[in-house]
Amino acid sequence: MLAALLATTPAIPDEADEASPRARAEVARWLLHESRWGYISEFADAAPPAAGRHVSGGVFSFSDGIVDSQVPAERSTGRLFFYIMGGGGQSFNATLTVSEAALANGTCGFAGTFLDPEDPRCAKLSALGTMTPSAGASAATGLAALYSRHPQMRAWPTSHRFVVHELLLRDVWLLDGYGGGVSLQLDDYFSAEPRDSRHGSRHARLAPAAQHSAAPAAWPAPAAAGAWIVAQAQLARTLLPID
């Protein structure tokens with residue numbers, strides 16, 4: 001009986017398997033597929049040299065595929081599409097940063113457990129590339145992906161001149177456990193299936209912690225709204241000037 005049970009029990013990969021380039025690429029694809037938004041940092045190379053390189057940023061929605069497609073390969077492609085206001089223009093260098101803490105449950109962990117967003121076991125990712133206006137088939141693919149993940153975009157005013165953009169990747173950096181972050185090979189990234197296969201001591205969970213308090217039904221003043229957001233925030237994106 002024991003021999004039969006062992007024969008039918010799937011083997012659990014060890015820590016080396018979990019930290020393999022392939023496994024890390026799967027986690028990266030999973031995190032981007034599950035994320036609906038992220039923080040874009042734009043690097044303005046045209047700034048005067050004496051002033052250094054200026055950095056600006058903001059929150060943007062994105063999609064990596066047509067989530068309701070009948071073709072599985074179209075649901076998560078690894079390509080990152082954005083709908084940016086302003087009519088398009090020149091491409092620019094940008095980095096997209098996402099965190100597991102920003103997923104739908106608002107925390108890292110499972111079954112009531114909690115990890116601080118800065119904890120290395122709470123996965124975070126930065127994708128560096130060139131934000132480029134899309135055209136032709138790429139624009140049609142991107143728009144279908146964005147509409148499937150963000151249906152409200154269909155009603156956004158045409159007068160604001162939203163244009164599909166794609167972040168053409170040059171580097172994907174992932175931290176998803178103890179041992180430090182890694183830059184993924186783009187071939188591994190694009191060929192991987194989106195899957196969260198983490199387990200074991202690299203991702204051992206912490207004890208339960210208090211969750212967010214409910215937002216007030218009505219704000220007495222804008223300052224109160226800002227104070228509540230700061231008090232409830234679990235993570236933030238810090239922009240550092242580049243000399």
# chains A, B, ... in the order shown; residues from 1 in each chain; ligands from 1
>>> residues_around(residues="Leu184 in chain A", least_positions_apart="5", cutoff="9 Å", atoms="only C-alpha atoms", output="JSON, numbers by chain")
{"A": [21, 22, 24, 25, 28, 171, 172, 173, 174, 189]}
>>> write_last_selection(atoms="N, CA, C and O atoms", output="PDB file, in the first residue's frame")
ATOM      1  N   PRO A  21      16.311  29.024 -13.661  1.00  0.00           N
ATOM      2  CA  PRO A  21      15.866  30.082 -14.572  1.00  0.00           C
ATOM      3  C   PRO A  21      14.468  29.843 -15.119  1.00  0.00           C
ATOM      4  O   PRO A  21      13.682  30.790 -15.267  1.00  0.00           O
ATOM      5  N   ARG A  22      14.148  28.588 -15.410  1.00  0.00           N
ATOM      6  CA  ARG A  22      12.827  28.293 -15.948  1.00  0.00           C
ATOM      7  C   ARG A  22      11.732  28.592 -14.927  1.00  0.00           C
ATOM      8  O   ARG A  22      10.711  29.208 -15.249  1.00  0.00           O
ATOM      9  N   ARG A  24      11.879  30.607 -12.338  1.00  0.00           N
ATOM     10  CA  ARG A  24      11.799  32.046 -12.114  1.00  0.00           C
ATOM     11  C   ARG A  24      11.038  32.723 -13.258  1.00  0.00           C
ATOM     12  O   ARG A  24      10.249  33.647 -13.031  1.00  0.00           O
ATOM     13  N   ALA A  25      11.282  32.283 -14.479  1.00  0.00           N
ATOM     14  CA  ALA A  25      10.560  32.847 -15.625  1.00  0.00           C
ATOM     15  C   ALA A  25       9.065  32.577 -15.518  1.00  0.00           C
ATOM     16  O   ALA A  25       8.237  33.433 -15.866  1.00  0.00           O
ATOM     17  N   ALA A  28       7.644  35.028 -13.051  1.00  0.00           N
ATOM     18  CA  ALA A  28       7.569  36.364 -13.655  1.00  0.00           C
ATOM     19  C   ALA A  28       6.358  36.479 -14.572  1.00  0.00           C
ATOM     20  O   ALA A  28       5.610  37.469 -14.513  1.00  0.00           O
ATOM     21  N   ASP A 171      14.999  43.897 -20.464  1.00  0.00           N
ATOM     22  CA  ASP A 171      15.439  43.174 -19.274  1.00  0.00           C
ATOM     23  C   ASP A 171      14.240  42.984 -18.351  1.00  0.00           C
ATOM     24  O   ASP A 171      13.377  43.865 -18.252  1.00  0.00           O
ATOM     25  N   VAL A 172      14.173  41.823 -17.705  1.00  0.00           N
ATOM     26  CA  VAL A 172      13.153  41.537 -16.692  1.00  0.00           C
ATOM     27  C   VAL A 172      13.864  41.077 -15.433  1.00  0.00           C
ATOM     28  O   VAL A 172      14.582  40.060 -15.452  1.00  0.00           O
ATOM     29  N   TRP A 173      13.701  41.823 -14.357  1.00  0.00           N
ATOM     30  CA  TRP A 173      14.345  41.519 -13.076  1.00  0.00           C
ATOM     31  C   TRP A 173      13.285  41.069 -12.085  1.00  0.00           C
ATOM     32  O   TRP A 173      12.247  41.714 -11.930  1.00  0.00           O
ATOM     33  N   LEU A 174      13.546  39.947 -11.409  1.00  0.00           N
ATOM     34  CA  LEU A 174      12.565  39.346 -10.495  1.00  0.00           C
ATOM     35  C   LEU A 174      13.213  39.034  -9.153  1.00  0.00           C
ATOM     36  O   LEU A 174      14.317  38.497  -9.085  1.00  0.00           O
ATOM     37  N   TYR A 189      11.850  33.918 -20.548  1.00  0.00           N
ATOM     38  CA  TYR A 189      10.637  34.652 -20.171  1.00  0.00           C
ATOM     39  C   TYR A 189       9.498  34.401 -21.163  1.00  0.00           C
ATOM     40  O   TYR A 189       8.374  34.053 -20.774  1.00  0.00           O
TER      41      TYR A 189
END
>>> select_by_dssp(residues="range 66-187 of chain A", states="strand (DSSP E or B)", output="MDAnalysis selection string")
chainID A and resid 81:84 92:99 108 115 124:133 163:175 182:184
>>> closest_residue(among="A:Gly78, A:Gly129, A:Gly38, A:Gly180", to="Phe60 in chain A", atoms="only C-alpha atoms")
A:Gly38
>>> closest_residue(among="A:Phe190, A:Arg161, A:Leu169, A:Gly181", to="Leu128 in chain A", atoms="only C-alpha atoms")
A:Leu169
